[in-house]
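Shown next: start00.pdb, containing PDB, N, CA and C atoms and all ligand atoms.
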ATOM      1  N   MET D   1      89.638 114.550  92.622
ATOM      2  CA  MET D   1      89.833 113.351  93.428
ATOM      3  C   MET D   1      91.259 112.842  93.253
ATOM      4  N   LYS D   2      91.823 112.385  94.373
ATOM      5  CA  LYS D   2      93.139 111.759  94.334
ATOM      6  C   LYS D   2      93.019 110.352  94.887
ATOM      7  N   VAL D   3      94.000 109.528  94.586
ATOM      8  CA  VAL D   3      93.945 108.148  95.037
ATOM      9  C   VAL D   3      95.359 107.672  95.347
ATOM     10  N   LYS D   4      95.451 106.777  96.318
ATOM     11  CA  LYS D   4      96.762 106.200  96.595
ATOM     12  C   LYS D   4      96.586 104.740  97.000
ATOM     13  N   VAL D   5      97.674 103.993  96.896
ATOM     14  CA  VAL D   5      97.657 102.582  97.288
ATOM     15  C   VAL D   5      98.520 102.419  98.533
ATOM     16  N   GLU D   6      97.941 101.818  99.547
ATOM     17  CA  GLU D   6      98.705 101.462 100.748
ATOM     18  C   GLU D   6      99.502 100.202 100.437
ATOM     19  N   LYS D   7     100.803 100.376 100.238
ATOM     20  CA  LYS D   7     101.641  99.258  99.781
ATOM     21  C   LYS D   7     101.642  98.078 100.754
ATOM     22  N   ASP D   8     101.539  98.367 102.038
ATOM     23  CA  ASP D   8     101.597  97.254 102.986
ATOM     24  C   ASP D   8     100.313  96.434 102.997
ATOM     25  N   LEU D   9      99.253  96.944 102.368
ATOM     26  CA  LEU D   9      98.006  96.177 102.267
ATOM     27  C   LEU D   9      97.870  95.485 100.916
ATOM     28  N   CYS D  10      98.509  96.026  99.884
ATOM     29  CA  CYS D  10      98.367  95.487  98.527
ATOM     30  C   CYS D  10      98.986  94.080  98.443
ATOM     31  N   ILE D  11      98.236  93.170  97.778
ATOM     32  CA  ILE D  11      98.751  91.810  97.563
ATOM     33  C   ILE D  11      99.076  91.565  96.088
ATOM     34  N   GLY D  12      98.999  92.624  95.278
ATOM     35  CA  GLY D  12      99.388  92.513  93.875
ATOM     36  C   GLY D  12      98.474  91.654  93.024
ATOM     37  N   CYS D  13      97.183  91.611  93.371
ATOM     38  CA  CYS D  13      96.256  90.734  92.634
ATOM     39  C   CYS D  13      96.001  91.213  91.209
ATOM     40  N   GLY D  14      96.195  92.495  90.951
ATOM     41  CA  GLY D  14      96.034  93.027  89.604
ATOM     42  C   GLY D  14      94.643  93.507  89.260
ATOM     43  N   ALA D  15      93.705  93.396  90.184
ATOM     44  CA  ALA D  15      92.323  93.795  89.883
ATOM     45  C   ALA D  15      92.233  95.269  89.509
ATOM     46  N   CYS D  16      92.922  96.122  90.258
ATOM     47  CA  CYS D  16      92.831  97.560  89.977
ATOM     48  C   CYS D  16      93.372  97.890  88.587
ATOM     49  N   GLN D  17      94.472  97.272  88.222
ATOM     50  CA  GLN D  17      95.042  97.519  86.890
ATOM     51  C   GLN D  17      94.110  97.012  85.794
ATOM     52  N   ALA D  18      93.480  95.875  86.029
ATOM     53  CA  ALA D  18      92.554  95.318  85.033
ATOM     54  C   ALA D  18      91.360  96.244  84.826
ATOM     55  N   ILE D  19      90.883  96.853  85.908
ATOM     56  CA  ILE D  19      89.706  97.726  85.829
ATOM     57  C   ILE D  19      90.079  99.098  85.281
ATOM     58  N   CYS D  20      91.214  99.623  85.690
ATOM     59  CA  CYS D  20      91.570 101.002  85.354
ATOM     60  C   CYS D  20      93.070 101.131  85.072
ATOM     61  N   PRO D  21      93.518 100.627  83.912
ATOM     62  CA  PRO D  21      94.953 100.642  83.611
ATOM     63  C   PRO D  21      95.528 102.033  83.397
ATOM     64  N   ASP D  22      94.667 103.048  83.198
ATOM     65  CA  ASP D  22      95.172 104.416  83.054
ATOM     66  C   ASP D  22      95.663 104.984  84.383
ATOM     67  N   VAL D  23      95.237 104.380  85.473
ATOM     68  CA  VAL D  23      95.570 104.926  86.798
ATOM     69  C   VAL D  23      96.467 103.991  87.605
ATOM     70  N   PHE D  24      96.244 102.672  87.479
ATOM     71  CA  PHE D  24      96.985 101.722  88.312
ATOM     72  C   PHE D  24      97.909 100.872  87.459
ATOM     73  N   GLU D  25      99.092 100.618  87.997
ATOM     74  CA  GLU D  25     100.086  99.814  87.295
ATOM     75  C   GLU D  25     100.743  98.892  88.324
ATOM     76  N   ILE D  26     100.864  97.617  87.957
ATOM     77  CA  ILE D  26     101.554  96.685  88.849
ATOM     78  C   ILE D  26     103.050  96.775  88.561
ATOM     79  N   ASP D  27     103.789  97.098  89.628
ATOM     80  CA  ASP D  27     105.223  97.308  89.492
ATOM     81  C   ASP D  27     105.903  96.528  90.617
ATOM     82  N   ASP D  28     106.782  95.600  90.263
ATOM     83  CA  ASP D  28     107.436  94.769  91.290
ATOM     84  C   ASP D  28     106.427  94.056  92.180
ATOM     85  N   GLY D  29     105.305  93.634  91.585
ATOM     86  CA  GLY D  29     104.334  92.840  92.335
ATOM     87  C   GLY D  29     103.371  93.621  93.192
ATOM     88  N   LEU D  30     103.470  94.942  93.153
ATOM     89  CA  LEU D  30     102.538  95.774  93.920
ATOM     90  C   LEU D  30     101.971  96.866  93.026
ATOM     91  N   SER D  31     100.786  97.322  93.382
ATOM     92  CA  SER D  31     100.137  98.359  92.590
ATOM     93  C   SER D  31     100.705  99.742  92.891
ATOM     94  N   SER D  32     100.866 100.528  91.827
ATOM     95  CA  SER D  32     101.237 101.930  91.972
ATOM     96  C   SER D  32     100.209 102.787  91.258
ATOM     97  N   VAL D  33     100.009 103.982  91.760
ATOM     98  CA  VAL D  33      99.153 104.956  91.090
ATOM     99  C   VAL D  33     100.041 105.767  90.151
ATOM    100  N   VAL D  34      99.665 105.843  88.884
ATOM    101  CA  VAL D  34     100.536 106.492  87.901
ATOM    102  C   VAL D  34     100.061 107.889  87.498
ATOM    103  N   VAL D  35      98.959 108.351  88.060
ATOM    104  CA  VAL D  35      98.536 109.737  87.824
ATOM    105  C   VAL D  35      98.268 110.429  89.160
ATOM    106  N   GLU D  36      98.568 111.708  89.232
ATOM    107  CA  GLU D  36      98.403 112.479  90.468
ATOM    108  C   GLU D  36      96.932 112.720  90.796
ATOM    109  N   THR D  37      96.233 113.291  89.837
ATOM    110  CA  THR D  37      94.839 113.676  90.055
ATOM    111  C   THR D  37      93.966 112.959  89.035
ATOM    112  N   ILE D  38      92.843 112.433  89.516
ATOM    113  CA  ILE D  38      91.975 111.623  88.660
ATOM    114  C   ILE D  38      91.030 112.522  87.867
ATOM    115  N   ASP D  39      91.075 112.404  86.536
ATOM    116  CA  ASP D  39      90.140 113.146  85.691
ATOM    117  C   ASP D  39      88.720 112.614  85.893
ATOM    118  N   ASP D  40      87.739 113.477  85.645
ATOM    119  CA  ASP D  40      86.336 113.091  85.836
ATOM    120  C   ASP D  40      85.976 111.830  85.057
ATOM    121  N   GLU D  41      86.523 111.706  83.851
ATOM    122  CA  GLU D  41      86.139 110.557  83.019
ATOM    123  C   GLU D  41      86.644 109.223  83.573
ATOM    124  N   LEU D  42      87.623 109.277  84.478
ATOM    125  CA  LEU D  42      88.163 108.038  85.058
ATOM    126  C   LEU D  42      87.612 107.752  86.451
ATOM    127  N   LYS D  43      86.816 108.679  86.981
ATOM    128  CA  LYS D  43      86.363 108.531  88.372
ATOM    129  C   LYS D  43      85.574 107.250  88.607
ATOM    130  N   ASP D  44      84.652 106.934  87.696
ATOM    131  CA  ASP D  44      83.818 105.742  87.905
ATOM    132  C   ASP D  44      84.670 104.479  87.933
ATOM    133  N   ASP D  45      85.670 104.406  87.029
ATOM    134  CA  ASP D  45      86.551 103.232  87.008
ATOM    135  C   ASP D  45      87.379 103.153  88.294
ATOM    136  N   VAL D  46      87.840 104.298  88.774
ATOM    137  CA  VAL D  46      88.638 104.301  90.005
ATOM    138  C   VAL D  46      87.795 103.851  91.194
ATOM    139  N   ILE D  47      86.560 104.343  91.250
ATOM    140  CA  ILE D  47      85.665 103.931  92.340
ATOM    141  C   ILE D  47      85.408 102.421  92.258
ATOM    142  N   GLU D  48      85.236 101.902  91.037
ATOM    143  CA  GLU D  48      85.045 100.456  90.878
ATOM    144  C   GLU D  48      86.289  99.701  91.365
ATOM    145  N   ALA D  49      87.469 100.232  91.054
ATOM    146  CA  ALA D  49      88.710  99.599  91.508
ATOM    147  C   ALA D  49      88.809  99.618  93.029
ATOM    148  N   VAL D  50      88.463 100.753  93.638
ATOM    149  CA  VAL D  50      88.479 100.856  95.102
ATOM    150  C   VAL D  50      87.577  99.787  95.704
ATOM    151  N   GLU D  51      86.375  99.654  95.128
ATOM    152  CA  GLU D  51      85.404  98.706  95.682
ATOM    153  C   GLU D  51      85.792  97.264  95.387
ATOM    154  N   SER D  52      86.607  97.039  94.351
ATOM    155  CA  SER D  52      86.995  95.677  93.965
ATOM    156  C   SER D  52      88.261  95.197  94.661
ATOM    157  N   CYS D  53      89.006  96.094  95.256
ATOM    158  CA  CYS D  53      90.262  95.694  95.887
ATOM    159  C   CYS D  53      89.970  94.771  97.066
ATOM    160  N   PRO D  54      90.520  93.561  97.062
ATOM    161  CA  PRO D  54      90.181  92.588  98.116
ATOM    162  C   PRO D  54      90.736  92.952  99.489
ATOM    163  N   THR D  55      91.722  93.820  99.539
ATOM    164  CA  THR D  55      92.330  94.164 100.834
ATOM    165  C   THR D  55      92.073  95.616 101.240
ATOM    166  N   GLU D  56      91.213  96.294 100.479
ATOM    167  CA  GLU D  56      90.907  97.707 100.747
ATOM    168  C   GLU D  56      92.179  98.551 100.822
ATOM    169  N   ALA D  57      93.105  98.252  99.905
ATOM    170  CA  ALA D  57      94.396  98.946  99.904
ATOM    171  C   ALA D  57      94.323 100.293  99.191
ATOM    172  N   ILE D  58      93.286 100.522  98.406
ATOM    173  CA  ILE D  58      93.195 101.767  97.634
ATOM    174  C   ILE D  58      92.375 102.778  98.418
ATOM    175  N   LYS D  59      93.003 103.911  98.689
ATOM    176  CA  LYS D  59      92.344 104.972  99.447
ATOM    177  C   LYS D  59      92.110 106.158  98.534
ATOM    178  N   LYS D  60      90.915 106.693  98.545
ATOM    179  CA  LYS D  60      90.673 107.875  97.721
ATOM    180  C   LYS D  60      90.373 109.065  98.606
ATOM    181  N   GLU D  61      90.765 110.231  98.084
ATOM    182  CA  GLU D  61      90.517 111.490  98.766
ATOM    183  C   GLU D  61      89.758 112.377  97.801
ATOM    184  N   ASP D  62      88.725 113.046  98.280
ATOM    185  CA  ASP D  62      87.935 113.914  97.396
ATOM    186  C   ASP D  62      88.655 115.222  97.135
TER
HETATM  187  S1  LIG Z   1      93.266  95.543  93.667
HETATM  188 FE1  LIG Z   1      94.173  96.076  95.671
HETATM  189  S2  LIG Z   1      95.384  94.289  96.279
HETATM  190 FE2  LIG Z   1      94.940  94.076  94.082
HETATM  191  S3  LIG Z   1      96.761  94.990  93.073
HETATM  192 FE3  LIG Z   1      95.213  96.608  93.274
HETATM  193  S4  LIG Z   1      95.705  97.674  95.217
HETATM  194 FE4  LIG Z   1      96.778  95.692  95.217
END
Using structure tokens, write down the structure that the file contains.
Amino acid sequence: MKVKVEKDLCIGCGACQAICPDVFEIDDGLSSVVVETIDDELKDDVIEAVESCPTEAIKKED
């Protein structure tokens, strides 16, 4: 699984980083994805982050 953040939708709320700091990092007020491919052990946290994002800015690809 891969994941990316649509920068024009992100409002920098920090929810994704709070849920999954191994994958998401707030940089200059916007979220960035810091790993290319999501390990199985992080998938559940990433899915929770996707579902928690208030602007649906996080897109995942299987
Ligand atoms: S949860 Fe969504 S809006 Fe909030 S920082 Fe992460 S990507 Fe941006």
- Message: Quick check on the file I pasted: which residues fall under the PyMOL selection byres (((chain D and resi 56 and name CA) around 12) and not hetatm and name CA)? Write them as a list in words.
- Response: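 Listing what the PyMOL selection byres (((chain D and resi 56 and name CA) around 12) and not hetatm and name CA) selects in the shown file: Lys4, Val5, Glu6, Lys7, Asp8, Leu9, Cys10, Ile11, Cys13, Ala15, Cys16, Ile47, Glu48, Ala49, Val50, Glu51, Ser52, Cys53, Pro54, Thr55, Ala57, Ile58, Lys59 and Lys60 of chain D.
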If you apply the PyMOL selection byres (((chain D and resi 1) around 6) and not hetatm) to this file, what residues do you get, as an NGL selection string? :D and (2-3 or 37-38 or 61-62)
Residues within 8 Å of Ile26 of chain D, all atoms listed in the file, excluding chain neighbours under 6 positions, as a VMD selection string: chain D and resid 12 14 16 to 18 32 to 33
Practice prompt. Measure the distance from atom C of Pro21 of chain D to atom N of Val34 of chain D in Å and round it to one decimal.
Written response: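 These atoms are spaced 7.9 Å apart.
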Go ahead and compute the interatomic distance for atom CA of Asp28 of chain D and atom S2 of ligand LIG 1 (chain Z), in Å to one decimal.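 According to the coordinates, atom CA of Asp28 of chain D and atom S2 of ligand LIG 1 (chain Z) are separated by 13.1 Å.
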Q: Return as a list in words the full set of residues in chain D whose backbone-based DSSP assignment is strand (DSSP E or B).
A: Lys2, Val3, Lys4, Val5, Phe24, Glu25, Ile26, Asp27, Leu30, Ser31, Ser32, Val33, Thr37, Ile58, Lys59, Lys60 and Glu61 of chain D
Would you give the centre and edge lengths, in Å to one decimal, of a box along x, y and z around the listed atoms of segment 35-54 of chain D, with 4 Å added to each side, as lines of an AutoDock Vina configuration file?
center_x = 91.4
center_y = 103.1
center_z = 91.3
size_x = 23.1
size_y = 29.1
size_z = 24.5
